[in-house]
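Source file final33.csv; content: CSV, C-alpha atoms.
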```
chain,number,residue,atom,x,y,z
A,1,MET,CA,32.9,0.5,-50.2
A,2,GLN,CA,32.3,1.8,-53.7
A,3,CYS,CA,31.9,5.4,-52.5
A,4,TRP,CA,35.6,5.7,-51.7
A,5,GLU,CA,36.3,5.7,-55.4
A,6,TYR,CA,34.4,9.0,-55.8
A,7,LEU,CA,36.1,10.8,-53.0
A,8,THR,CA,39.3,12.9,-53.1
A,9,GLU,CA,42.0,12.4,-50.5
A,10,SER,CA,41.0,15.6,-48.6
A,11,GLU,CA,37.4,14.4,-48.6
A,12,VAL,CA,38.4,11.1,-47.1
A,13,GLU,CA,40.3,13.0,-44.4
A,14,LYS,CA,37.3,15.1,-43.7
A,15,ALA,CA,35.1,12.0,-43.5
A,16,MET,CA,37.6,10.5,-41.0
A,17,GLN,CA,37.4,13.7,-38.9
A,18,LEU,CA,33.7,13.6,-38.9
A,19,ALA,CA,33.7,10.0,-37.8
A,20,GLU,CA,35.9,11.0,-34.9
A,21,GLU,CA,33.5,13.7,-34.0
A,22,ILE,CA,30.7,11.3,-34.0
A,23,HIS,CA,32.5,9.1,-31.5
A,24,PRO,CA,31.4,11.1,-28.5
A,25,ASP,CA,27.9,10.5,-29.5
A,26,GLU,CA,28.5,6.8,-29.5
A,27,GLN,CA,29.9,7.2,-26.0
A,28,ARG,CA,26.8,9.1,-25.0
A,29,GLU,CA,24.6,6.3,-26.4
A,30,SER,CA,26.5,3.7,-24.5
A,31,GLU,CA,26.2,6.0,-21.4
A,32,ASP,CA,22.4,6.1,-22.0
A,33,SER,CA,22.2,2.4,-22.3
A,34,ARG,CA,24.3,1.9,-19.2
A,35,ARG,CA,21.9,4.3,-17.3
A,36,GLY,CA,19.0,2.4,-18.8
A,37,GLN,CA,20.4,-0.9,-17.5
A,38,GLU,CA,21.1,0.7,-14.1
A,39,HIS,CA,17.5,1.9,-14.0
A,40,LEU,CA,16.2,-1.6,-14.8
A,41,ALA,CA,18.4,-3.1,-12.1
A,42,GLU,CA,17.1,-0.5,-9.6
A,43,VAL,CA,13.5,-1.2,-10.6
A,44,GLU,CA,14.1,-5.0,-10.1
A,45,LYS,CA,15.7,-4.3,-6.7
A,46,LEU,CA,12.8,-2.1,-5.6
A,47,LYS,CA,10.3,-4.7,-6.8
A,48,TYR,CA,12.2,-7.5,-4.9
A,49,LEU,CA,12.5,-5.4,-1.8
A,50,GLY,CA,8.8,-4.5,-2.0
A,51,VAL,CA,7.7,-8.1,-2.2
A,52,LEU,CA,10.1,-9.0,0.7
A,53,ALA,CA,8.8,-6.0,2.8
A,54,GLY,CA,5.2,-7.1,2.0
A,55,GLY,CA,5.9,-10.6,3.4
A,56,VAL,CA,7.5,-9.2,6.5
A,57,ALA,CA,4.7,-6.7,6.9
A,58,HIS,CA,2.0,-9.3,6.7
A,59,ARG,CA,3.6,-11.4,9.5
A,60,VAL,CA,4.4,-8.4,11.7
A,61,GLY,CA,0.9,-7.0,11.2
A,62,SER,CA,-0.8,-10.3,11.9
A,63,LYS,CA,1.4,-10.9,15.0
A,64,SER,CA,0.9,-7.4,16.3
A,65,GLY,CA,-2.8,-8.0,16.2
A,66,LEU,CA,-2.3,-11.2,18.3
A,67,ILE,CA,-0.1,-9.3,20.8
A,68,ARG,CA,-2.8,-6.7,21.2
A,69,LEU,CA,-5.4,-9.4,22.0
A,70,HIS,CA,-3.0,-11.1,24.5
A,71,VAL,CA,-2.4,-7.8,26.3
A,72,GLN,CA,-6.1,-7.2,26.5
A,73,LYS,CA,-6.5,-10.6,28.1
A,74,LEU,CA,-3.8,-9.8,30.6
A,75,ARG,CA,-5.5,-6.6,31.5
A,76,ARG,CA,-8.6,-8.5,32.5
A,77,LEU,CA,-6.5,-10.9,34.6
A,78,ILE,CA,-4.4,-8.3,36.5
A,79,PRO,CA,-6.2,-6.5,39.3
A,80,GLN,CA,-7.0,-2.8,38.6
A,81,GLU,CA,-4.9,-1.8,41.6
A,82,ALA,CA,-1.7,-3.2,40.1
A,83,ALA,CA,-0.9,0.1,38.5
A,84,ASP,CA,2.7,-0.8,37.8
A,85,ALA,CA,1.7,-3.9,35.8
A,86,HIS,CA,-0.9,-1.9,33.8
A,87,ALA,CA,1.8,0.7,33.1
A,88,VAL,CA,4.0,-2.0,31.6
A,89,LEU,CA,1.0,-3.2,29.5
A,90,ASP,CA,0.6,0.4,28.3
A,91,LYS,CA,4.2,0.4,27.1
A,92,ILE,CA,3.7,-3.0,25.3
A,93,GLU,CA,0.6,-1.6,23.6
A,94,ARG,CA,2.5,1.5,22.5
A,95,GLU,CA,5.3,-0.6,21.0
A,96,THR,CA,2.7,-2.8,19.4
A,97,GLU,CA,1.1,0.2,17.8
A,98,TYR,CA,4.5,1.1,16.4
A,99,LEU,CA,4.9,-2.4,15.0
A,100,THR,CA,1.5,-2.1,13.4
A,101,GLU,CA,2.3,1.2,11.9
A,102,LEU,CA,5.6,-0.1,10.6
A,103,SER,CA,3.9,-3.0,9.0
A,104,ASP,CA,1.4,-0.7,7.3
A,105,VAL,CA,4.2,1.3,5.9
A,106,LEU,CA,6.2,-1.7,4.8
A,107,PHE,CA,3.1,-3.0,3.1
A,108,MET,CA,2.5,0.1,1.0
A,109,PRO,CA,4.4,-0.9,-2.1
A,110,ALA,CA,2.8,-4.3,-2.2
A,111,ASN,CA,-0.5,-2.8,-1.4
A,112,ALA,CA,-0.1,-0.3,-4.3
A,113,ALA,CA,1.1,-3.1,-6.7
A,114,GLU,CA,-2.0,-5.2,-5.8
A,115,THR,CA,-4.4,-2.3,-6.4
A,116,PRO,CA,-5.8,-2.3,-10.0
A,117,VAL,CA,-4.5,0.5,-12.2
A,118,GLY,CA,-6.5,2.6,-14.5
A,119,PRO,CA,-6.6,6.0,-16.2
A,120,VAL,CA,-5.7,8.8,-13.7
A,121,ASP,CA,-6.2,12.5,-14.1
A,122,VAL,CA,-3.1,13.8,-12.3
A,123,ASN,CA,-4.6,17.3,-11.8
A,124,GLN,CA,-7.4,15.8,-9.8
A,125,PHE,CA,-5.0,13.6,-7.7
A,126,LEU,CA,-2.8,16.6,-7.1
A,127,ALA,CA,-5.7,18.7,-5.8
A,128,GLN,CA,-6.6,15.8,-3.5
A,129,ALA,CA,-3.0,15.5,-2.2
A,130,VAL,CA,-2.9,19.3,-1.5
A,131,ARG,CA,-6.1,19.0,0.5
A,132,GLN,CA,-4.7,16.0,2.4
A,133,ALA,CA,-1.2,17.3,3.1
A,134,ILE,CA,-0.6,19.6,6.1
A,135,ILE,CA,0.7,22.8,4.6
A,136,PRO,CA,1.5,25.7,6.9
A,137,SER,CA,0.0,29.1,6.0
A,138,ASP,CA,3.3,30.7,5.4
A,139,VAL,CA,4.1,28.4,2.5
A,140,GLU,CA,3.4,30.0,-0.8
A,141,LEU,CA,1.9,27.2,-2.8
A,142,THR,CA,1.3,27.3,-6.6
A,143,LEU,CA,-0.5,24.4,-8.1
A,144,HIS,CA,-0.5,24.6,-11.9
A,145,LYS,CA,-3.4,22.8,-13.5
A,146,GLU,CA,-2.1,21.7,-16.9
A,147,ASN,CA,-3.7,19.9,-19.8
A,148,VAL,CA,-1.8,16.7,-19.7
A,149,PRO,CA,-3.0,13.2,-20.8
A,150,SER,CA,-4.3,10.7,-18.3
A,151,VAL,CA,-1.6,8.4,-16.8
A,152,VAL,CA,-1.7,4.8,-15.8
A,153,GLY,CA,-1.9,4.6,-12.0
A,154,ASN,CA,-4.1,4.1,-8.9
A,155,ARG,CA,-5.1,6.0,-5.8
A,156,TRP,CA,-1.7,5.3,-4.2
A,157,LEU,CA,-0.3,8.1,-6.3
A,158,VAL,CA,-2.1,10.5,-4.0
A,159,GLU,CA,0.1,9.1,-1.1
A,160,VAL,CA,3.2,9.7,-3.2
A,161,PHE,CA,2.2,13.3,-3.9
A,162,VAL,CA,1.3,13.9,-0.2
A,163,GLU,CA,4.8,12.5,0.7
A,164,LEU,CA,6.6,14.8,-1.7
A,165,ILE,CA,4.6,17.9,-0.5
A,166,THR,CA,5.3,17.0,3.1
A,167,ASN,CA,9.0,16.6,2.4
A,168,ALA,CA,9.1,20.0,0.6
A,169,VAL,CA,7.3,21.7,3.5
A,170,THR,CA,9.7,20.1,6.1
A,171,ALA,CA,12.7,21.2,4.0
A,172,MET,CA,11.4,24.8,4.0
A,173,SER,CA,10.7,25.0,7.7
A,174,LYS,CA,13.7,27.2,8.3
A,175,SER,CA,13.8,28.9,4.9
A,176,GLU,CA,13.2,32.6,4.6
A,177,LYS,CA,11.4,32.1,1.3
A,178,LYS,CA,8.9,29.3,1.4
A,179,ARG,CA,7.7,28.6,-2.1
A,180,LEU,CA,6.3,25.3,-3.4
A,181,THR,CA,5.4,25.0,-7.0
A,182,ILE,CA,3.7,21.9,-8.4
A,183,ARG,CA,3.3,21.4,-12.1
A,184,PRO,CA,2.4,18.5,-14.3
A,185,GLN,CA,4.1,18.6,-17.7
A,186,PRO,CA,4.5,16.4,-20.8
A,187,VAL,CA,7.9,14.8,-21.2
A,188,ASP,CA,7.4,12.9,-24.4
A,189,GLU,CA,4.7,10.9,-26.1
A,190,SER,CA,4.7,8.1,-23.6
A,191,ARG,CA,5.4,10.0,-20.3
A,192,ILE,CA,4.5,13.0,-18.3
A,193,ALA,CA,6.2,14.5,-15.3
A,194,VAL,CA,4.8,15.9,-12.1
A,195,VAL,CA,7.3,18.4,-10.8
A,196,PHE,CA,7.5,19.5,-7.1
A,197,GLU,CA,9.9,22.5,-6.8
A,198,ASP,CA,10.7,23.9,-3.3
A,199,THR,CA,12.9,26.6,-1.9
A,200,GLY,CA,14.0,24.5,1.0
A,201,CYS,CA,17.4,23.8,2.5
A,202,GLY,CA,18.4,21.4,-0.2
A,203,ILE,CA,20.2,18.1,-0.1
A,204,ALA,CA,24.0,17.5,-0.4
A,205,PRO,CA,25.0,15.7,-3.6
A,206,GLU,CA,26.5,12.7,-1.6
A,207,ASP,CA,23.1,12.2,0.2
A,208,ILE,CA,20.9,12.2,-2.9
A,209,SER,CA,21.6,8.6,-3.9
A,210,LYS,CA,20.8,7.4,-0.4
A,211,LEU,CA,17.4,9.1,-0.3
A,212,PHE,CA,15.5,6.1,-1.6
A,213,THR,CA,17.0,3.6,0.9
A,214,LEU,CA,14.6,2.1,3.3
A,215,PHE,CA,15.0,3.6,6.9
A,216,TYR,CA,17.5,6.2,5.7
A,217,THR,CA,17.0,9.5,7.5
A,218,ARG,CA,19.0,12.7,7.5
A,219,GLY,CA,18.5,13.1,11.3
A,220,GLU,CA,16.0,15.9,11.3
A,221,SER,CA,13.1,13.8,9.9
A,222,GLU,CA,13.4,11.0,12.5
A,223,ASP,CA,11.7,11.6,15.8
A,224,LEU,CA,12.8,9.9,19.0
A,225,SER,CA,10.5,6.9,18.6
A,226,GLY,CA,12.5,5.8,15.5
A,227,ARG,CA,9.8,6.6,13.0
A,228,GLY,CA,10.6,7.9,9.6
A,229,GLY,CA,12.9,7.0,6.8
A,230,TYR,CA,10.5,5.3,4.5
A,231,GLY,CA,8.5,7.9,2.7
A,232,LEU,CA,10.8,8.2,-0.3
A,233,TRP,CA,11.4,4.5,-0.4
A,234,TYR,CA,7.7,3.6,-0.7
A,235,SER,CA,7.1,6.6,-3.1
A,236,LYS,CA,9.8,5.4,-5.4
A,237,SER,CA,8.7,1.8,-5.1
A,238,ILE,CA,5.1,2.7,-5.9
A,239,VAL,CA,5.8,4.7,-9.0
A,240,THR,CA,8.4,2.3,-10.4
A,241,ARG,CA,5.9,-0.6,-10.1
A,242,MET,CA,3.5,1.5,-12.1
A,243,GLY,CA,6.1,1.9,-14.8
A,244,GLY,CA,7.2,5.3,-13.8
A,245,ASP,CA,10.1,6.8,-11.9
A,246,LEU,CA,10.9,9.3,-9.1
A,247,GLN,CA,13.9,11.6,-9.6
A,248,ILE,CA,15.3,14.1,-7.2
A,249,GLU,CA,17.6,17.0,-8.0
A,250,SER,CA,18.8,19.4,-5.3
A,251,GLU,CA,21.1,22.3,-4.5
A,252,VAL,CA,22.1,23.0,-0.9
A,253,GLY,CA,20.6,26.3,0.2
A,254,LYS,CA,18.5,26.7,-2.9
A,255,GLY,CA,16.0,24.0,-2.9
A,256,THR,CA,14.9,20.6,-4.3
A,257,THR,CA,13.0,19.5,-7.3
A,258,ALA,CA,11.3,16.1,-7.3
A,259,ARG,CA,10.0,14.7,-10.6
A,260,VAL,CA,7.4,11.9,-10.7
A,261,LEU,CA,7.5,10.4,-14.2
A,262,LEU,CA,4.4,8.5,-15.1
A,263,PRO,CA,3.4,6.5,-18.1
A,264,VAL,CA,0.7,8.0,-20.3
A,265,GLU,CA,-2.5,5.9,-20.6
A,266,PRO,CA,-2.4,4.4,-24.2
A,267,SER,CA,-5.2,5.9,-26.3
B,268,MET,CA,-30.0,-13.1,23.9
B,269,ALA,CA,-27.7,-14.2,21.1
B,270,HIS,CA,-29.1,-16.6,18.5
B,271,GLU,CA,-27.5,-20.0,18.4
B,272,GLY,CA,-25.3,-19.7,15.4
B,273,ARG,CA,-23.3,-22.0,13.1
B,274,VAL,CA,-20.0,-20.3,12.3
B,275,LEU,CA,-17.2,-21.3,9.9
B,276,ILE,CA,-13.8,-19.7,10.4
B,277,VAL,CA,-11.8,-19.8,7.2
B,278,GLU,CA,-8.3,-19.0,8.4
B,279,ASP,CA,-4.9,-20.5,7.7
B,280,GLN,CA,-3.0,-19.4,10.8
B,281,ARG,CA,-3.6,-21.7,13.8
B,282,GLU,CA,-3.1,-18.9,16.4
B,283,TRP,CA,-5.8,-16.8,14.8
B,284,GLN,CA,-8.2,-19.7,14.5
B,285,VAL,CA,-7.7,-20.2,18.3
B,286,GLU,CA,-8.1,-16.5,19.1
B,287,LEU,CA,-11.2,-16.1,17.1
B,288,GLN,CA,-12.8,-19.1,18.7
B,289,ASN,CA,-11.8,-17.9,22.1
B,290,LEU,CA,-13.5,-14.6,21.5
B,291,LEU,CA,-16.7,-16.4,20.7
B,292,GLN,CA,-16.5,-19.1,23.4
B,293,ASP,CA,-19.1,-17.5,25.7
B,294,PHE,CA,-21.7,-17.4,23.0
B,295,PRO,CA,-24.1,-20.2,21.9
B,296,TYR,CA,-22.3,-20.8,18.6
B,297,SER,CA,-21.1,-24.0,17.1
B,298,ILE,CA,-17.8,-23.3,15.4
B,299,LYS,CA,-15.9,-25.1,12.6
B,300,THR,CA,-12.6,-24.1,11.1
B,301,ALA,CA,-11.0,-24.5,7.7
B,302,ASP,CA,-7.4,-23.7,7.0
B,303,SER,CA,-7.7,-23.9,3.2
B,304,LEU,CA,-9.9,-23.0,0.3
B,305,GLN,CA,-10.5,-26.7,-0.4
B,306,LYS,CA,-11.5,-27.5,3.2
B,307,ALA,CA,-13.8,-24.5,3.3
B,308,SER,CA,-15.5,-25.4,0.0
B,309,ASP,CA,-16.1,-29.0,1.2
B,310,LEU,CA,-17.6,-27.8,4.5
B,311,LEU,CA,-19.8,-25.2,2.7
B,312,LYS,CA,-21.0,-27.9,0.3
B,313,ASN,CA,-22.2,-30.2,3.1
B,314,HIS,CA,-23.3,-28.0,5.9
B,315,VAL,CA,-25.4,-24.9,6.4
B,316,TYR,CA,-23.7,-21.9,8.2
B,317,ASP,CA,-25.1,-18.7,9.4
B,318,LEU,CA,-21.8,-16.9,9.2
B,319,VAL,CA,-18.4,-17.3,7.5
B,320,LEU,CA,-15.5,-15.5,9.0
B,321,LEU,CA,-13.2,-15.2,5.9
B,322,ASP,CA,-9.5,-14.5,5.8
B,323,LEU,CA,-8.5,-13.3,2.3
B,324,ARG,CA,-5.0,-14.8,2.2
B,325,LEU,CA,-5.0,-18.4,2.9
B,326,ARG,CA,-1.4,-19.3,2.1
B,327,GLY,CA,0.5,-16.9,4.3
B,328,TRP,CA,1.5,-14.1,2.2
B,329,GLU,CA,2.1,-14.1,-1.5
B,330,GLU,CA,1.8,-10.9,-3.4
B,331,ALA,CA,-1.5,-10.7,-5.2
B,332,ASN,CA,-2.8,-13.9,-3.7
B,333,PHE,CA,-6.3,-13.6,-2.4
B,334,ASP,CA,-7.5,-17.2,-2.6
B,335,GLY,CA,-10.1,-16.5,0.1
B,336,TRP,CA,-11.7,-14.1,-2.2
B,337,GLU,CA,-12.4,-17.0,-4.6
B,338,LEU,CA,-15.1,-18.1,-2.2
B,339,MET,CA,-17.1,-15.0,-2.6
B,340,ASP,CA,-19.2,-16.2,-5.6
B,341,THR,CA,-20.0,-19.5,-3.8
B,342,LEU,CA,-20.9,-17.5,-0.6
B,343,ALA,CA,-23.1,-15.2,-2.6
B,344,VAL,CA,-25.1,-18.2,-3.8
B,345,LEU,CA,-25.3,-19.5,-0.2
B,346,LYS,CA,-26.5,-16.2,1.0
B,347,ALA,CA,-29.3,-16.2,-1.6
B,348,GLU,CA,-30.3,-19.8,-0.8
B,349,GLN,CA,-29.6,-20.0,3.0
B,350,GLY,CA,-29.0,-16.5,4.2
B,351,THR,CA,-25.4,-17.2,5.0
B,352,GLN,CA,-23.5,-14.0,6.0
B,353,VAL,CA,-19.8,-13.1,5.5
B,354,ILE,CA,-17.4,-11.1,7.7
B,355,ILE,CA,-14.0,-10.6,6.2
B,356,VAL,CA,-11.3,-10.8,8.8
B,357,SER,CA,-8.0,-9.8,7.3
B,358,ALA,CA,-4.6,-8.2,8.2
B,359,TYR,CA,-4.1,-6.8,4.7
B,360,GLY,CA,-7.2,-6.8,2.7
B,361,GLN,CA,-7.3,-4.4,-0.2
B,362,ALA,CA,-9.5,-1.4,-0.4
B,363,HIS,CA,-11.0,-2.7,-3.7
B,364,HIS,CA,-11.9,-5.9,-1.9
B,365,VAL,CA,-13.5,-4.0,0.9
B,366,ARG,CA,-15.5,-1.9,-1.6
B,367,ASP,CA,-16.5,-4.9,-3.7
B,368,GLY,CA,-17.2,-6.9,-0.6
B,369,PHE,CA,-19.7,-4.3,0.6
B,370,LYS,CA,-21.1,-3.2,-2.7
B,371,ARG,CA,-21.3,-6.4,-4.8
B,372,TYR,CA,-21.5,-9.1,-2.2
B,373,ARG,CA,-23.1,-7.1,0.7
B,374,ILE,CA,-20.8,-8.6,3.3
B,375,ALA,CA,-21.9,-8.0,6.9
B,376,ASP,CA,-18.7,-6.5,8.0
B,377,TYR,CA,-14.9,-6.1,7.5
B,378,ILE,CA,-12.6,-6.5,10.4
B,379,ASP,CA,-8.9,-5.5,10.5
B,380,LYS,CA,-6.9,-8.2,12.3
B,381,LYS,CA,-4.2,-5.8,13.2
B,382,ARG,CA,-6.5,-3.7,15.4
B,383,LEU,CA,-9.2,-6.2,16.3
B,384,ASP,CA,-11.4,-4.9,19.1
B,385,PRO,CA,-12.9,-7.9,20.9
B,386,TRP,CA,-16.2,-6.3,21.8
B,387,GLY,CA,-16.7,-4.8,18.3
B,388,PHE,CA,-15.9,-8.2,16.9
B,389,GLN,CA,-18.4,-10.0,19.1
B,390,GLN,CA,-21.1,-7.4,18.2
B,391,ALA,CA,-20.4,-7.8,14.5
B,392,VAL,CA,-20.7,-11.6,14.7
B,393,ALA,CA,-23.9,-11.5,16.7
B,394,GLY,CA,-25.4,-8.9,14.3
B,395,ALA,CA,-24.5,-11.0,11.3
B,396,ILE,CA,-26.0,-14.2,12.7
B,397,GLU,CA,-29.2,-12.3,13.5
B,398,LYS,CA,-29.2,-11.1,9.9
B,399,ALA,CA,-28.8,-14.6,8.7
B,400,TYR,CA,-31.8,-15.8,10.7
B,401,GLU,CA,-33.9,-12.9,9.4
B,402,LEU,CA,-32.9,-13.5,5.8
B,403,ARG,CA,-33.5,-17.2,6.0
B,404,GLY,CA,-36.9,-16.5,7.4
B,405,LYS,CA,-37.7,-14.4,4.4
B,406,ILE,CA,-36.4,-17.0,2.0
B,407,LEU,CA,-38.5,-19.7,3.6
B,408,ASP,CA,-41.6,-17.4,3.5
B,409,ALA,CA,-41.0,-16.7,-0.2
B,410,LYS,CA,-41.1,-20.4,-0.8
```
Translate the structure of the given file into structure tokens.
Amino acid sequence: MQCWEYLTESEVEKAMQLAEEIHPDEQRESEDSRRGQEHLAEVEKLKYLGVLAGGVAHRVGSKSGLIRLHVQKLRRLIPQEAADAHAVLDKIERETEYLTELSDVLFMPANAAETPVGPVDVNQFLAQAVRQAIIPSDVELTLHKENVPSVVGNRWLVEVFVELITNAVTAMSKSEKKRLTIRPQPVDESRIAVVFEDTGCGIAPEDISKLFTLFYTRGESEDLSGRGGYGLWYSKSIVTRMGGDLQIESEVGKGTTARVLLPVEPS
Amino acid sequence: MAHEGRVLIVEDQREWQVELQNLLQDFPYSIKTADSLQKASDLLKNHVYDLVLLDLRLRGWEEANFDGWELMDTLAVLKAEQGTQVIIVSAYGQAHHVRDGFKRYRIADYIDKKRLDPWGFQQAVAGAIEKAYELRGKILDAK
């Protein structure tokens, strides 16, 4: 601590003050590292859940295929005139279809994780997602084509983009102003963000943390058959397994901004 | 009239082995089953098959485990030597496997177990066996 010898008392005091002022930065740093750890824990949780869901999906999918075959056999055994019995078989087939669809959805994160990744031009994938999504004509859509580097991903990103567009459109169904802006933008050297900004009804702060929970619905998106509640779960699972993230900010009555963060393809 | 055919079902789930055999019981096929990669390899080494019905995941479900796919290179050789055809029958095959299957290995068909249509399945099997006969004829002619 030789430097003390060269400082006057007031300079030492000033240094102490400065040190105190630096303190909040340290707090911020530890806050950042806490958030980083929370993010890692979240990524692990999503990964674990994705693997578990994949295992369940594989069994459910395989069994639903068998149920379908058994129902078809019963149809041949039951006389055509037994309308009531055939009506019951119709119901079993409908429920089986639901199980098959459910297994398809539960399998999505595993499916995405098993699909090889490579360089992806997000502008191209966004254009594809816009073509694929159902966007009513009264929605004012602006898709910005930006010169951003290729990211590491696979075709499942299109599904994620379609999901985010669909959510935005649904959220704006009762809005006076229906504007959806989609824009890829650089974040830093290693990441880019794809931003989806809508003028929809928005989400209450207490609901935001629950959005990524499997089967969580806010009422309006779930129809009577019990479908829904998985789009944001698989979207978040898919992008985190690719080394990215999905973040949502919202203000009730103003709109929602979803940001898909994606790792840049190393050059 | 369907050709007599020798069919190998490579499938780990007993229920699916039974169902696939049931779907083919009215046809003049002789059917063998193998529930593992090892058993399938042994049977393929010692017998000639017209068609292999191949499941891609032979140990239930483990993420990124497609041990059935490991047979593809062997099956490609058997196709060239004996005309053996392949139909992949899977609940959760991957798009890249389907693509590679058709493009690189020229598989005869891909069937989704979740929505298997019995008639379509029987047609696919009969068509593949016919193809195996045709191809084997050409191989023999070339010799």
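In this structure, CA of Val122 in chain A sits 8.1 Å away from CA of Val148 in chain A.
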If you take all atoms listed in the file and a cut-off of 8 Å, which residues of chain B touch chain A, and what are their nearest atom pairs and distances in Å to one decimal, in chain and number order, as CSV?
```
residue,atom,partner,partner_atom,distance
B:Glu282,CA,A:Leu66,CA,8.0
B:Trp283,CA,A:Leu66,CA,7.5
B:Glu286,CA,A:Leu66,CA,7.9
B:Trp328,CA,A:Gly55,CA,5.7
B:Glu329,CA,A:Gly55,CA,7.1
B:Glu330,CA,A:Val51,CA,6.6
B:Ala331,CA,A:Glu114,CA,5.6
B:Ala358,CA,A:Ser62,CA,5.7
B:Tyr359,CA,A:His58,CA,6.9
B:Gln361,CA,A:Asn111,CA,7.1
B:Ala362,CA,A:Thr115,CA,7.9
B:His363,CA,A:Thr115,CA,7.1
B:Lys380,CA,A:Gly65,CA,5.7
B:Lys381,CA,A:Gly65,CA,4.0
B:Arg382,CA,A:Gly65,CA,5.7
B:Leu383,CA,A:Gly65,CA,6.6
B:Pro385,CA,A:Leu69,CA,7.7
```
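Considering the residues A:Glu95, A:Asp138, A:Glu42, A:Asp245 and counting only C-alpha atoms, Ser173 in chain A has its shortest atom-to-atom contact with A:Asp138.
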- Query: Neighbours of Glu163 in chain A within 9 Å (all atoms listed in the file; same-chain residues fewer than 3 positions away dropped), as an MDAnalysis selection string?
  - Reply: chainID A and resid 129 133 158:160 166:168 231:232 235
- Item | Non-local contacts of Val285 in chain B (12 Å; all atoms listed in the file; under 2 positions in same chain excluded) as a PyMOL selection string | (chain A and resi 66+69-70) or (chain B and resi 276-283+287-292+298-302)
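For range 272-275 of chain B, the set of protein, DNA and RNA residues having any atom at most 7 Å away, when counting only C-alpha atoms and skipping those fewer than 3 positions along the same chain, is Pro295, Tyr296, Ser297, Ile298, Lys299, Thr300, Tyr316, Asp317, Leu318, Val319, Leu320 and Ile396 of chain B.
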Selection to disk with C-alpha atoms, as a short mmCIF file (atom, residue, chain, number, x, y, z; two decimals), in the coordinates of the input:
```cif
data_model
loop_
_atom_site.label_atom_id
_atom_site.label_comp_id
_atom_site.auth_asym_id
_atom_site.auth_seq_id
_atom_site.Cartn_x
_atom_site.Cartn_y
_atom_site.Cartn_z
CA PRO B 295 -24.10 -20.20 21.90
CA TYR B 296 -22.30 -20.80 18.60
CA SER B 297 -21.10 -24.00 17.10
CA ILE B 298 -17.80 -23.30 15.40
CA LYS B 299 -15.90 -25.10 12.60
CA THR B 300 -12.60 -24.10 11.10
CA TYR B 316 -23.70 -21.90 8.20
CA ASP B 317 -25.10 -18.70 9.40
CA LEU B 318 -21.80 -16.90 9.20
CA VAL B 319 -18.40 -17.30 7.50
CA LEU B 320 -15.50 -15.50 9.00
CA ILE B 396 -26.00 -14.20 12.70
#
```
- Task: Provide the CA of Leu211 in chain A to CA of Gly229 in chain A distance in Å, to one decimal place.
- Result: 8.7 Å
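Of the residues under consideration (B:His270, B:Lys312, B:Arg366, B:Lys306), B:Lys306 shows the shortest atom-to-atom contact distance to Gly335 in chain B when counting only C-alpha atoms.
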- Message: Measuring between all atoms listed in the file, which one of A:Leu164, A:Leu180, A:Val120, A:Val71 shows the shortest distance to His86 in chain A?
- Response: A:Val71
- Choose the residue, out of A:Ile165, A:Leu261, A:Val152, A:Ala83, that has the smallest atom-to-atom separation from Val139 in chain A; count only C-alpha atoms. A:Ile165
Can you tell me which residues surround Glu251 in chain A at a distance of at most 10 Å, considering all atoms listed in the file, apart from same-chain residues fewer than 5 positions away, and format the answer as an mmCIF file with C-alpha atoms, keeping the file's coordinate frame?
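Everything below was put into result15.cif:
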```
data_model
loop_
_atom_site.group_PDB
_atom_site.id
_atom_site.type_symbol
_atom_site.label_atom_id
_atom_site.label_comp_id
_atom_site.auth_asym_id
_atom_site.auth_seq_id
_atom_site.Cartn_x
_atom_site.Cartn_y
_atom_site.Cartn_z
ATOM 1 C CA THR A 199 12.900 26.600 -1.900
ATOM 2 C CA GLY A 200 14.000 24.500 1.000
ATOM 3 C CA CYS A 201 17.400 23.800 2.500
ATOM 4 C CA GLY A 202 18.400 21.400 -0.200
ATOM 5 C CA ILE A 203 20.200 18.100 -0.100
ATOM 6 C CA ALA A 204 24.000 17.500 -0.400
ATOM 7 C CA PRO A 205 25.000 15.700 -3.600
ATOM 8 C CA THR A 256 14.900 20.600 -4.300
ATOM 9 C CA THR A 257 13.000 19.500 -7.300
#
```
Starting from the incomplete input, reconstruct N, CA and C atoms of range 322-328 of chain B and write that as a tab-separated table (two decimals), in the coordinates of the input.
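Contents of selection-v8.tsv, as written:
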```tsv
chain	number	residue	atom	x	y	z
B	322	ASP	N	-10.82	-15.11	5.98
B	322	ASP	CA	-9.50	-14.50	5.80
B	322	ASP	C	-9.28	-14.47	4.26
B	323	LEU	N	-8.67	-13.42	3.75
B	323	LEU	CA	-8.50	-13.30	2.30
B	323	LEU	C	-7.26	-14.03	1.77
B	324	ARG	N	-6.24	-14.13	2.62
B	324	ARG	CA	-5.00	-14.80	2.20
B	324	ARG	C	-4.82	-16.06	2.93
B	325	LEU	N	-5.01	-17.16	2.23
B	325	LEU	CA	-5.00	-18.40	2.90
B	325	LEU	C	-3.72	-19.25	2.76
B	326	ARG	N	-2.72	-18.61	2.19
B	326	ARG	CA	-1.40	-19.30	2.10
B	326	ARG	C	-0.34	-18.39	2.58
B	327	GLY	N	-0.49	-17.90	3.81
B	327	GLY	CA	0.50	-16.90	4.30
B	327	GLY	C	0.41	-15.71	3.46
B	328	TRP	N	1.57	-15.24	3.04
B	328	TRP	CA	1.50	-14.10	2.20
B	328	TRP	C	2.28	-14.30	0.89
```
